[in-house]
>>> print(open('coords_13.txt').read())   # compact mmCIF, C-alpha atoms and all ligand atoms
# COMPACT_ATOMS: atom_id res chain seq x y z
CA MET I 1442 -40.14 8.20 28.15
CA ARG I 1443 -37.37 9.51 30.35
CA THR I 1444 -35.24 12.55 30.23
CA GLU I 1445 -32.27 13.33 32.42
CA TRP I 1446 -33.23 15.80 35.07
CA ARG I 1447 -31.86 19.24 34.46
CA PRO I 1448 -31.92 21.24 37.68
CA ARG I 1449 -33.93 24.39 37.27
CA ILE I 1450 -33.06 26.45 40.30
CA ALA I 1451 -35.23 29.52 40.46
CA PHE I 1452 -34.84 30.99 43.90
CA THR I 1453 -36.73 33.94 45.13
CA VAL I 1454 -35.40 36.28 47.72
CA ALA I 1455 -38.28 35.41 50.03
CA ALA I 1456 -37.43 31.74 49.80
CA VAL I 1457 -34.12 32.15 51.51
CA ILE I 1458 -35.16 34.44 54.32
CA SER I 1459 -34.79 32.73 57.66
CA ALA I 1460 -37.89 32.28 59.79
CA GLY I 1461 -36.55 34.80 62.29
CA ALA I 1462 -36.33 37.45 59.63
CA VAL I 1463 -39.85 36.73 58.44
CA ALA I 1464 -41.18 36.96 61.98
CA ALA I 1465 -39.48 40.32 62.40
CA GLY I 1466 -41.18 41.63 59.30
CA VAL I 1467 -37.97 42.39 57.51
CA GLY I 1468 -38.34 44.04 54.12
CA LEU I 1469 -37.41 41.64 51.37
CA GLY I 1470 -35.28 44.20 49.58
CA LEU I 1471 -32.74 44.15 52.37
CA LEU I 1472 -31.65 40.71 51.33
CA ALA I 1473 -31.22 41.36 47.66
CA ASP I 1474 -27.47 41.62 48.04
CA PRO I 1475 -26.04 38.80 50.15
CA GLY I 1476 -22.82 40.84 50.38
CA THR I 1477 -19.31 39.58 50.62
CA ASP I 1478 -18.12 42.25 53.00
CA ARG I 1479 -19.92 40.82 56.03
CA GLU I 1480 -17.10 38.51 57.00
CA PRO I 1481 -18.14 37.47 60.51
CA GLY I 1482 -14.55 36.78 61.46
CA ASN I 1483 -13.66 40.44 61.07
CA PRO I 1484 -13.81 41.95 64.56
CA ALA I 1485 -13.71 45.50 63.23
CA ALA I 1486 -16.97 44.94 61.40
CA SER I 1487 -18.73 43.59 64.45
CA ALA I 1488 -17.89 46.47 66.77
CA PRO I 1489 -20.64 48.95 65.86
CA SER I 1490 -23.42 46.38 65.66
CA ALA I 1491 -27.07 47.23 66.13
CA ALA I 1492 -27.08 45.45 69.49
CA THR I 1493 -24.96 48.18 71.08
CA SER I 1494 -27.12 51.00 69.78
CA GLU I 1495 -29.35 52.96 72.15
CA SER I 1496 -32.21 53.22 69.70
CA VAL I 1497 -34.17 50.17 68.68
CA PRO I 1498 -33.84 49.75 64.92
CA VAL I 1499 -37.04 49.16 62.95
CA THR I 1500 -35.27 46.46 60.95
CA PRO I 1501 -32.13 44.56 61.85
CA ASP I 1502 -29.01 45.80 60.10
CA PHE I 1503 -27.89 42.89 57.97
CA THR I 1504 -24.77 44.69 56.86
CA ALA I 1505 -23.32 44.62 60.37
CA SER I 1506 -21.75 41.53 61.85
CA PRO I 1507 -23.57 40.59 65.04
CA PRO I 1508 -21.62 39.28 68.07
CA ALA I 1509 -20.82 35.59 67.68
CA GLY I 1510 -22.83 34.65 70.77
CA SER I 1511 -25.98 36.38 69.58
CA VAL I 1512 -29.06 34.87 68.00
CA GLN I 1513 -28.53 37.23 65.08
CA ALA I 1514 -25.16 35.59 64.35
CA LEU I 1515 -26.84 32.21 63.96
CA ASP I 1516 -29.59 33.70 61.77
CA ALA I 1517 -26.93 35.27 59.55
CA LEU I 1518 -25.19 31.90 59.30
CA LEU I 1519 -28.45 30.14 58.36
CA LEU I 1520 -29.09 32.73 55.68
CA ARG I 1521 -25.55 32.40 54.29
CA ARG I 1522 -25.94 28.63 53.94
CA ALA I 1523 -29.31 28.91 52.17
CA GLN I 1524 -27.91 31.56 49.86
CA ALA I 1525 -24.91 29.34 49.11
CA ILE I 1526 -27.36 26.71 47.80
CA THR I 1527 -29.10 29.40 45.76
CA ALA I 1528 -25.85 30.58 44.29
CA GLY I 1529 -24.44 27.10 43.70
CA ASP I 1530 -21.47 28.19 45.81
CA LEU I 1531 -19.91 25.11 47.45
CA ASP I 1532 -17.15 27.07 49.19
CA ALA I 1533 -19.70 29.35 50.83
CA PHE I 1534 -21.81 26.32 51.84
CA LEU I 1535 -18.82 24.75 53.59
CA ALA I 1536 -17.34 27.97 55.01
CA ASP I 1537 -19.20 27.95 58.33
CA LEU I 1538 -18.27 24.34 59.16
CA ASP I 1539 -15.47 23.43 61.55
CA GLN I 1540 -12.93 22.44 58.90
CA GLY I 1541 -11.29 20.01 61.33
CA GLN I 1542 -14.40 17.78 61.27
CA ASP I 1543 -13.64 15.70 58.18
CA ASP I 1544 -16.82 13.59 58.32
CA LEU I 1545 -19.02 16.65 58.73
CA VAL I 1546 -17.38 18.43 55.80
CA ALA I 1547 -17.69 15.32 53.62
CA GLU I 1548 -21.39 14.87 54.51
CA GLN I 1549 -22.19 18.48 53.76
CA ARG I 1550 -20.25 18.31 50.49
CA MET I 1551 -22.45 15.32 49.51
CA LEU I 1552 -25.61 17.18 50.54
CA PHE I 1553 -24.61 20.12 48.36
CA ALA I 1554 -23.96 17.84 45.37
CA ASN I 1555 -27.33 16.14 45.88
CA LEU I 1556 -29.17 19.45 46.03
CA ALA I 1557 -27.50 20.39 42.75
CA GLU I 1558 -28.74 17.09 41.25
CA LEU I 1559 -32.33 17.68 42.40
CA PRO I 1560 -34.75 20.31 41.03
CA VAL I 1561 -34.55 22.45 44.18
CA GLY I 1562 -37.11 25.23 43.86
CA SER I 1563 -36.38 26.82 47.21
CA ALA I 1564 -34.09 26.24 50.17
CA GLU I 1565 -34.22 27.74 53.62
CA PHE I 1566 -32.87 27.04 57.10
CA ALA I 1567 -34.98 28.15 60.03
CA ARG I 1568 -34.00 28.38 63.71
CA ARG I 1569 -36.47 26.57 65.95
CA ASP I 1570 -34.53 26.64 69.19
CA TYR I 1571 -31.09 27.91 70.14
CA ARG I 1572 -28.71 27.80 73.08
CA ALA I 1573 -25.80 29.94 71.96
CA PRO I 1574 -22.25 29.08 73.02
CA ALA I 1575 -21.50 31.36 75.96
CA ALA I 1576 -17.87 31.94 75.03
CA ALA I 1577 -14.98 30.48 73.08
CA GLY I 1578 -14.52 26.86 74.12
CA SER I 1579 -18.15 26.31 75.18
CA GLU I 1580 -20.69 24.37 73.14
CA GLY I 1581 -23.94 25.71 71.80
CA ARG I 1582 -26.78 23.80 70.24
CA ALA I 1583 -29.46 24.74 67.73
CA LEU I 1584 -32.54 22.96 66.47
CA VAL I 1585 -32.62 23.84 62.79
CA GLU I 1586 -35.37 23.11 60.32
CA ALA I 1587 -34.22 22.61 56.73
CA ARG I 1588 -36.99 23.57 54.30
CA ILE I 1589 -36.51 22.27 50.78
CA ARG I 1590 -39.08 22.45 48.00
CA LEU I 1591 -38.58 20.18 45.00
CA ASP I 1592 -39.93 21.84 41.88
CA GLY I 1593 -42.96 20.19 40.37
CA VAL I 1594 -43.52 17.66 43.18
CA ASP I 1595 -43.76 19.60 46.44
CA PRO I 1596 -46.66 22.04 46.81
CA ALA I 1597 -44.73 23.59 49.70
CA PRO I 1598 -41.25 23.08 51.18
CA THR I 1599 -40.78 19.85 53.15
CA VAL I 1600 -39.17 20.10 56.55
CA ALA I 1601 -36.43 18.06 58.17
CA ARG I 1602 -35.17 18.84 61.66
CA TYR I 1603 -31.55 18.71 62.75
CA ARG I 1604 -29.43 19.27 65.82
CA TRP I 1605 -26.53 21.56 65.06
CA ASP I 1606 -23.64 21.71 67.53
CA ILE I 1607 -22.11 25.14 67.40
CA ALA I 1608 -18.93 26.69 68.78
CA ILE I 1609 -17.13 30.01 68.64
CA GLU I 1610 -13.74 29.85 66.97
CA ASP I 1611 -11.61 32.91 66.33
CA GLY I 1612 -14.55 35.13 67.23
CA ARG I 1613 -17.04 33.56 64.84
CA LEU I 1614 -19.64 30.78 64.89
CA VAL I 1615 -18.75 27.43 63.39
CA ILE I 1616 -20.85 24.28 63.07
CA THR I 1617 -19.02 21.36 64.69
CA ASP I 1618 -21.63 18.65 64.12
CA ILE I 1619 -25.00 18.13 62.42
CA GLY I 1620 -27.25 15.23 63.36
CA VAL I 1621 -30.88 14.19 63.21
CA ASN I 1622 -32.85 15.95 65.94
CA GLU I 1623 -33.98 13.23 68.29
CA THR I 1624 -35.25 15.36 71.13
CA GLY I 1625 -38.89 16.29 71.51
CA ALA I 1626 -42.03 14.59 70.30
CA GLU I 1627 -41.88 15.83 66.71
CA ASN I 1628 -40.82 13.47 63.95
CA PRO I 1629 -37.53 14.89 62.64
CA TYR I 1630 -38.35 13.80 59.04
CA ALA I 1631 -34.59 13.32 58.78
CA PRO I 1632 -32.35 12.09 57.38
CA THR I 1633 -33.80 12.93 53.99
CA PRO I 1634 -32.72 11.05 50.86
CA TRP I 1635 -30.55 14.02 49.94
CA ASP I 1636 -28.46 13.91 53.09
CA SER I 1637 -28.15 10.10 53.25
CA ALA I 1638 -26.11 9.03 50.23
CA PRO I 1639 -25.04 10.32 46.80
CA LEU I 1640 -28.04 10.47 44.44
CA THR I 1641 -28.84 10.22 40.75
CA ALA I 1642 -32.06 11.83 39.50
CA VAL I 1643 -34.13 10.97 36.44
CA ARG I 1644 -37.28 12.70 35.29
CA THR I 1645 -40.26 11.02 33.70
CA PRO I 1646 -43.35 12.86 32.45
CA HIS I 1647 -45.07 12.22 35.79
CA ALA I 1648 -42.33 11.71 38.33
CA LEU I 1649 -39.04 12.80 39.75
CA VAL I 1650 -37.27 9.45 40.23
CA VAL I 1651 -34.18 9.47 42.41
CA VAL I 1652 -31.90 6.55 43.35
CA THR I 1653 -28.82 6.22 45.49
CA THR I 1654 -25.89 5.99 43.08
CA GLU I 1655 -24.94 2.37 43.86
CA SER I 1656 -28.42 1.52 42.45
CA GLU I 1657 -27.88 3.68 39.38
CA ASP I 1658 -28.40 0.67 37.10
CA ARG I 1659 -31.94 0.32 38.50
CA ALA I 1660 -32.88 3.96 37.82
CA GLY I 1661 -34.20 3.19 34.33
CA ASP I 1662 -36.29 0.25 35.60
CA LEU I 1663 -37.72 2.30 38.39
CA ALA I 1664 -38.50 5.28 36.15
CA ASP I 1665 -40.24 3.08 33.56
CA ALA I 1666 -42.20 1.29 36.30
CA VAL I 1667 -43.35 4.57 37.87
CA GLU I 1668 -44.57 5.85 34.52
CA SER I 1669 -46.35 2.60 33.67
CA ALA I 1670 -47.97 2.42 37.12
CA TYR I 1671 -49.18 6.00 36.70
CA GLN I 1672 -50.67 5.33 33.28
CA ARG I 1673 -52.32 2.04 34.24
CA SER I 1674 -53.75 3.32 37.55
CA ARG I 1675 -54.86 6.71 36.37
CA ASP I 1676 -58.47 5.69 35.63
CA LEU I 1677 -58.97 4.55 39.22
CA TRP I 1678 -58.01 7.96 40.61
CA PRO I 1679 -60.03 11.18 40.55
CA ALA I 1680 -59.61 13.42 37.52
CA ASP I 1681 -57.65 16.16 39.29
CA VAL I 1682 -54.78 14.17 40.84
CA PRO I 1683 -51.25 15.60 40.95
CA ASP I 1684 -49.43 15.01 37.68
CA ARG I 1685 -45.95 14.68 39.20
CA PHE I 1686 -44.73 12.42 42.01
CA ALA I 1687 -41.48 12.09 43.96
CA VAL I 1688 -40.09 8.53 44.14
CA PHE I 1689 -36.83 7.63 45.90
CA GLY I 1690 -35.20 4.20 45.57
CA THR I 1691 -32.25 2.50 47.20
CA SER I 1692 -30.87 -1.01 47.53
CA ARG I 1693 -29.46 -0.28 50.97
CA ARG I 1694 -31.92 -1.43 53.63
CA ALA I 1695 -30.44 0.68 56.43
CA ILE I 1696 -30.81 3.81 54.30
CA PHE I 1697 -34.36 2.90 53.25
CA GLU I 1698 -35.37 2.38 56.87
CA ALA I 1699 -33.80 5.65 57.98
CA TRP I 1700 -35.35 7.93 55.35
CA TYR I 1701 -37.60 10.64 56.78
CA GLY I 1702 -37.18 9.14 60.24
CA THR I 1703 -40.08 6.79 59.57
CA GLY I 1704 -38.33 3.45 59.49
CA GLY I 1705 -36.13 1.87 62.10
CA GLY I 1706 -38.05 -0.91 63.78
CA ALA I 1707 -41.38 0.48 62.60
CA LEU I 1708 -41.21 -0.95 59.09
CA GLY I 1709 -41.84 -4.66 58.82
CA THR I 1710 -38.95 -6.73 57.50
CA GLY I 1711 -40.73 -7.37 54.20
CA THR I 1712 -41.76 -3.77 53.60
CA ALA I 1713 -40.60 -2.81 50.13
CA GLY I 1714 -42.25 0.58 49.73
CA GLN I 1715 -43.90 3.34 51.64
CA ALA I 1716 -45.75 6.55 50.83
CA VAL I 1717 -44.37 8.96 53.42
CA PRO I 1718 -46.35 12.06 54.35
CA VAL I 1719 -43.58 14.61 54.94
CA ALA I 1720 -44.59 17.73 56.85
CA THR I 1721 -44.35 21.05 55.10
CA CYS I 1722 -43.67 24.36 56.66
CA CYS I 1723 -45.75 27.47 56.03
CA ALA I 1724 -49.16 25.77 55.75
CA THR I 1725 -51.97 28.21 55.14
CA GLU I 1726 -55.24 26.41 54.62
CA ARG I 1727 -55.08 23.41 56.97
CA ARG I 1728 -58.24 21.88 55.64
CA THR I 1729 -56.79 18.74 54.12
CA LEU I 1730 -53.66 16.79 54.95
CA GLY I 1731 -52.23 18.01 51.65
CA ASP I 1732 -52.01 21.50 53.08
CA ILE I 1733 -49.52 20.39 55.68
CA THR I 1734 -47.71 17.53 53.98
CA SER I 1735 -46.07 16.40 50.79
CA THR I 1736 -46.10 12.71 49.97
CA HIS I 1737 -42.81 11.14 48.92
CA VAL I 1738 -42.69 7.48 47.87
CA ILE I 1739 -39.71 5.40 48.98
CA VAL I 1740 -38.77 1.99 47.59
CA ASP I 1741 -36.32 -0.70 48.73
CA LEU I 1742 -35.14 -1.93 45.32
CA ASP I 1743 -33.66 -5.09 46.84
CA GLU I 1744 -36.95 -6.07 48.43
CA VAL I 1745 -38.94 -5.98 45.19
CA GLY I 1746 -38.12 -7.41 41.76
CA SER I 1747 -38.55 -5.58 38.50
CA GLY I 1748 -41.35 -5.71 35.95
CA ILE I 1749 -44.93 -6.26 37.07
CA GLU I 1750 -44.09 -6.68 40.77
CA LEU I 1751 -42.33 -3.31 40.86
CA GLU I 1752 -45.21 -1.71 38.96
CA ARG I 1753 -47.76 -3.23 41.34
CA LEU I 1754 -45.86 -1.85 44.33
CA LEU I 1755 -45.75 1.60 42.72
CA ALA I 1756 -49.46 1.51 41.81
CA HIS I 1757 -50.12 0.80 45.50
CA GLU I 1758 -47.83 3.57 46.83
CA LEU I 1759 -48.86 6.16 44.21
CA THR I 1760 -52.49 5.51 45.18
CA HIS I 1761 -51.57 6.39 48.79
CA ALA I 1762 -49.82 9.49 47.44
CA VAL I 1763 -52.95 10.44 45.48
CA ALA I 1764 -55.33 9.80 48.38
CA GLN I 1765 -53.34 11.31 51.20
CA PRO I 1766 -53.44 15.00 50.17
CA ARG I 1767 -57.20 14.77 49.54
CA THR I 1768 -57.91 13.38 52.98
CA VAL I 1769 -59.59 15.79 55.33
CA LEU I 1770 -57.35 16.76 58.22
CA GLY I 1771 -58.26 14.64 61.24
CA ASN I 1772 -60.25 12.19 59.09
CA ARG I 1773 -59.67 8.79 60.64
CA LEU I 1774 -59.99 6.63 57.59
CA PRO I 1775 -59.86 2.96 58.60
CA ARG I 1776 -56.68 1.13 57.64
CA TRP I 1777 -58.62 -1.55 55.77
CA ALA I 1778 -59.89 1.22 53.48
CA GLU I 1779 -56.47 2.85 52.91
CA GLU I 1780 -54.53 -0.37 52.40
CA GLY I 1781 -57.36 -2.30 50.75
CA PHE I 1782 -57.99 0.30 48.06
CA ALA I 1783 -54.26 0.93 47.40
CA GLU I 1784 -53.69 -2.81 46.95
CA PHE I 1785 -56.89 -3.11 44.88
CA VAL I 1786 -55.30 -0.65 42.42
CA GLY I 1787 -52.15 -2.81 42.47
CA VAL I 1788 -54.22 -5.92 41.70
CA GLN I 1789 -55.90 -4.13 38.77
CA LEU I 1790 -52.44 -3.31 37.41
CA ARG I 1791 -51.47 -7.00 37.54
CA ARG I 1792 -54.76 -7.87 35.88
CA SER I 1793 -54.01 -5.40 33.05
CA TYR I 1794 -51.05 -7.69 32.24
CA GLY I 1795 -53.21 -10.81 32.53
CA ALA I 1796 -51.56 -11.71 35.85
CA GLY I 1797 -53.57 -13.00 38.79
CA SER I 1798 -53.79 -11.99 42.44
CA ARG I 1799 -52.44 -13.97 45.38
CA TRP I 1800 -54.93 -12.42 47.81
CA PRO I 1801 -57.82 -14.87 47.28
CA GLU I 1802 -55.55 -17.73 48.40
CA VAL I 1803 -54.31 -15.75 51.41
CA VAL I 1804 -57.92 -15.15 52.46
CA ARG I 1805 -58.99 -18.77 51.80
CA ASP I 1806 -56.15 -19.95 54.01
CA TYR I 1807 -57.20 -17.52 56.75
CA VAL I 1808 -60.80 -18.75 56.55
CA ARG I 1809 -59.63 -22.37 56.70
CA ARG I 1810 -57.58 -21.61 59.81
CA GLY I 1811 -60.70 -20.18 61.43
CA GLY I 1812 -59.35 -16.64 61.60
CA PHE I 1813 -62.17 -14.92 59.73
CA THR I 1814 -64.85 -13.42 61.97
CA GLY I 1815 -66.99 -11.92 59.20
CA THR I 1816 -65.76 -8.38 59.85
CA LEU I 1817 -63.31 -6.02 58.22
CA PRO I 1818 -59.91 -5.89 60.00
CA ALA I 1819 -59.63 -3.48 62.92
CA ASP I 1820 -57.02 -0.70 62.96
CA ALA I 1821 -55.36 -2.05 66.10
CA ASP I 1822 -52.60 -4.46 65.13
CA PHE I 1823 -53.50 -4.19 61.42
CA TYR I 1824 -49.78 -4.41 60.61
CA GLY I 1825 -49.16 -7.03 63.30
CA SER I 1826 -48.85 -10.82 63.07
CA ASP I 1827 -52.01 -11.14 60.92
CA ALA I 1828 -50.95 -8.32 58.58
CA GLU I 1829 -51.05 -10.49 55.48
CA ALA I 1830 -54.59 -11.72 56.18
CA ASN I 1831 -55.64 -8.15 57.04
CA TYR I 1832 -54.34 -6.88 53.70
CA GLY I 1833 -56.02 -9.83 51.95
CA LEU I 1834 -59.43 -9.26 53.53
CA SER I 1835 -59.23 -5.52 52.81
CA VAL I 1836 -58.33 -6.03 49.14
CA GLN I 1837 -61.02 -8.66 48.78
CA PHE I 1838 -63.63 -6.24 50.12
CA PHE I 1839 -62.84 -3.87 47.24
CA GLU I 1840 -62.66 -6.81 44.81
CA PHE I 1841 -66.14 -7.85 45.93
CA LEU I 1842 -67.42 -4.30 45.39
CA ALA I 1843 -65.79 -4.17 41.95
CA GLN I 1844 -67.40 -7.44 40.88
CA ARG I 1845 -70.79 -6.20 41.97
CA TYR I 1846 -70.65 -2.51 41.05
CA GLY I 1847 -67.65 -2.05 38.73
CA PRO I 1848 -64.16 -0.65 39.42
CA SER I 1849 -64.97 3.01 38.78
CA LYS I 1850 -67.79 2.92 41.35
CA VAL I 1851 -65.32 1.44 43.84
CA SER I 1852 -62.95 4.35 43.23
CA GLU I 1853 -65.77 6.85 43.69
CA PHE I 1854 -66.74 5.18 46.97
CA TYR I 1855 -63.20 5.16 48.37
CA PHE I 1856 -62.35 8.76 47.51
CA GLY I 1857 -65.77 9.86 48.76
CA LEU I 1858 -65.08 8.15 52.10
CA ALA I 1859 -61.64 9.77 52.29
CA ALA I 1860 -63.13 13.22 51.71
CA MET I 1861 -65.66 12.89 54.56
CA PRO I 1862 -64.66 15.02 57.57
CA ASP I 1863 -65.83 12.18 59.80
CA PRO I 1864 -65.99 9.02 57.68
CA ASP I 1865 -69.28 7.21 58.15
CA LEU I 1866 -69.20 3.89 56.37
CA ASP I 1867 -72.96 3.39 56.46
CA VAL I 1868 -73.63 6.83 54.98
CA ALA I 1869 -71.01 6.30 52.24
CA ILE I 1870 -72.32 2.82 51.39
CA GLN I 1871 -75.95 3.97 51.30
CA ALA I 1872 -75.00 6.90 49.06
CA ASP I 1873 -72.95 4.89 46.56
CA PHE I 1874 -74.56 1.43 46.63
CA LYS I 1875 -78.12 2.03 47.92
CA ILE I 1876 -77.74 -0.71 50.51
CA SER I 1877 -77.06 -0.66 54.27
CA GLU I 1878 -73.59 -1.21 55.68
CA ASN I 1879 -74.78 -4.30 57.60
CA ARG I 1880 -76.38 -5.88 54.51
CA LEU I 1881 -73.33 -5.19 52.33
CA LEU I 1882 -70.86 -6.53 54.88
CA ALA I 1883 -72.97 -9.66 55.39
CA ASP I 1884 -73.03 -10.24 51.61
CA TRP I 1885 -69.26 -9.73 51.48
CA ALA I 1886 -68.67 -12.16 54.38
CA ASP I 1887 -70.74 -14.82 52.59
CA TRP I 1888 -68.76 -14.19 49.38
CA VAL I 1889 -65.47 -14.53 51.29
CA ARG I 1890 -66.52 -17.85 52.85
CA GLU I 1891 -67.72 -19.22 49.52
CA SER I 1892 -64.82 -18.09 47.33
ZN ZN I 1901 -50.00 0.67 51.72
>>> encode(input="coords_13.txt", output="structure tokens")
Amino acid sequence: MRTEWRPRIAFTVAAVISAGAVAAGVGLGLLADPGTDREPGNPAASAPSAATSESVPVTPDFTASPPAGSVQALDALLLRRAQAITAGDLDAFLADLDQGQDDLVAEQRMLFANLAELPVGSAEFARRDYRAPAAAGSEGRALVEARIRLDGVDPAPTVARYRWDIAIEDGRLVITDIGVNETGAENPYAPTPWDSAPLTAVRTPHALVVVTTESEDRAGDLADAVESAYQRSRDLWPADVPDRFAVFGTSRRAIFEAWYGTGGGALGTGTAGQAVPVATCCATERRTLGDITSTHVIVDLDEVGSGIELERLLAHELTHAVAQPRTVLGNRLPRWAEEGFAEFVGVQLRRSYGAGSRWPEVVRDYVRRGGFTGTLPADADFYGSDAEANYGLSVQFFEFLAQRYGPSKVSEFYFGLAAMPDPDLDVAIQADFKISENRLLADWADWVRES
């Protein structure tokens, strides 16, 4: 079922152009030859740069070395680093780092090795903001967006945003530090799995499965579980779902919680997996969430066992990954629907092995304690202190529907609701079940109290 992943790096010239160059309308042909004679440290080469010319050039002259304090110097550096990934040239990738920063050099060496392990289809660094160092000895700072597209799993490059500290040494720019960008309101989507820890990648027919190397012995388990979860859940998804998913696993909690900048305190202590919508650059359509995000699944391998439990978790997260790109942008799908249906798919997986579900007991207990009000859980505090009961009630709503109308009708209902620009539960229920929302919910509430 598994094959070792063989990186297939097929870069295009366009893929490594920096955003600045694209904005300036630079002809692609100019970049065909990255050139080795543009050594930025060579002061002779920088003297007759375009910046000193009287006439305004139609296109920037990439063969000249711009002054170290200029924006063009940073853009040239960004392009060199992207091209170093393209070329598989470690020395070039490390050349613009301050070689005295041992930790920085080691981290970037690891990043380069990880990118070689992954099926990187394109790599690009784009300048989002820049305060250039004024002179030698002063510090500059750039906000840089790394744009990496993993072949077969990312419809567009995913972004991760970093703060680069930059200085001028011997007349050229050097990077003195790279960290997660924590300024501004935007999620940095960093660190990514590929700049967190050394990785091992495995490919299955329907997934790119990647683990941190200390969990290498779990890679086979995880890959088999992803494939099984895909096969066993497939009938509950629409016909045209993606046929390849990205799944990242680690046994290190701190790394799991840091990935894509989503964790920290936000993930509950028991959270074992998450389907993370990672923003993409260069969106064009903007009609569904899938136009502006890729979904990557992350798993804490220490928080979940192997076998059926791991498969159930993956069925749940892969269902999120299937649903998320189909969701209309701005569609506020209730959490009970998202979590309830994802877990319903997980329960069906357990059932396919003859295993039961713990959710009926969770709900019975909640009813006994007097918590049940006869309604579906509200979005506010869904993941709060009553999270378990909220998940239970949500799953049991879909279980009730499946008993009454069959599992495939349940799937149709859920994906129909997700595709509504402004989800209207009553309209969706009337369309699929020929009954009013109030009547159906009352029947469900009775069923919950009696079961
Ligand atoms: Zn979920």
>>> residues_near_ligand(input="coords_13.txt", ligand="ligand ZN 1901 (chain I)", cutoff="9 Å", atoms="all atoms listed in the file", output="list of chain:residue names")
I:Gly1714, I:Gln1715, I:Ala1716, I:Leu1754, I:His1757, I:Glu1758, I:Thr1760, I:His1761, I:Arg1776, I:Glu1779, I:Glu1780, I:Gly1781, I:Phe1782, I:Ala1783, I:Glu1784, I:Tyr1832
>>> write_last_selection(input="coords_13.txt", atoms="C-alpha atoms", output="CSV table (one decimal), in the coordinates of the input")
chain,number,residue,atom,x,y,z
I,1714,GLY,CA,-42.2,0.6,49.7
I,1715,GLN,CA,-43.9,3.3,51.6
I,1716,ALA,CA,-45.8,6.6,50.8
I,1754,LEU,CA,-45.9,-1.8,44.3
I,1757,HIS,CA,-50.1,0.8,45.5
I,1758,GLU,CA,-47.8,3.6,46.8
I,1760,THR,CA,-52.5,5.5,45.2
I,1761,HIS,CA,-51.6,6.4,48.8
I,1776,ARG,CA,-56.7,1.1,57.6
I,1779,GLU,CA,-56.5,2.8,52.9
I,1780,GLU,CA,-54.5,-0.4,52.4
I,1781,GLY,CA,-57.4,-2.3,50.8
I,1782,PHE,CA,-58.0,0.3,48.1
I,1783,ALA,CA,-54.3,0.9,47.4
I,1784,GLU,CA,-53.7,-2.8,47.0
I,1832,TYR,CA,-54.3,-6.9,53.7
>>> atom_distance(input="coords_13.txt", atom1="CA of Ala1533 in chain I", atom2="CA of Asp1570 in chain I")
23.8 Å
>>> atom_distance(input="coords_13.txt", atom1="CA of Gly1815 in chain I", atom2="CA of Leu1882 in chain I")
7.9 Å
>>> atom_distance(input="coords_13.txt", atom1="CA of Ile1733 in chain I", atom2="CA of Val1594 in chain I")
14.1 Å
>>> residues_around(input="coords_13.txt", residues="Val1719 in chain I", least_positions_apart="5", cutoff="12 Å", atoms="all atoms listed in the file", output="ChimeraX atom specification")
/I:1588-1590,1595-1602,1627-1633,1687,1700-1703,1730-1739,1762,1765-1766
>>> closest_residue(input="coords_13.txt", among="I:Ile1870, I:Val1769, I:Ile1749, I:Val1717", to="Arg1791 in chain I", atoms="all atoms listed in the file")
I:Ile1749
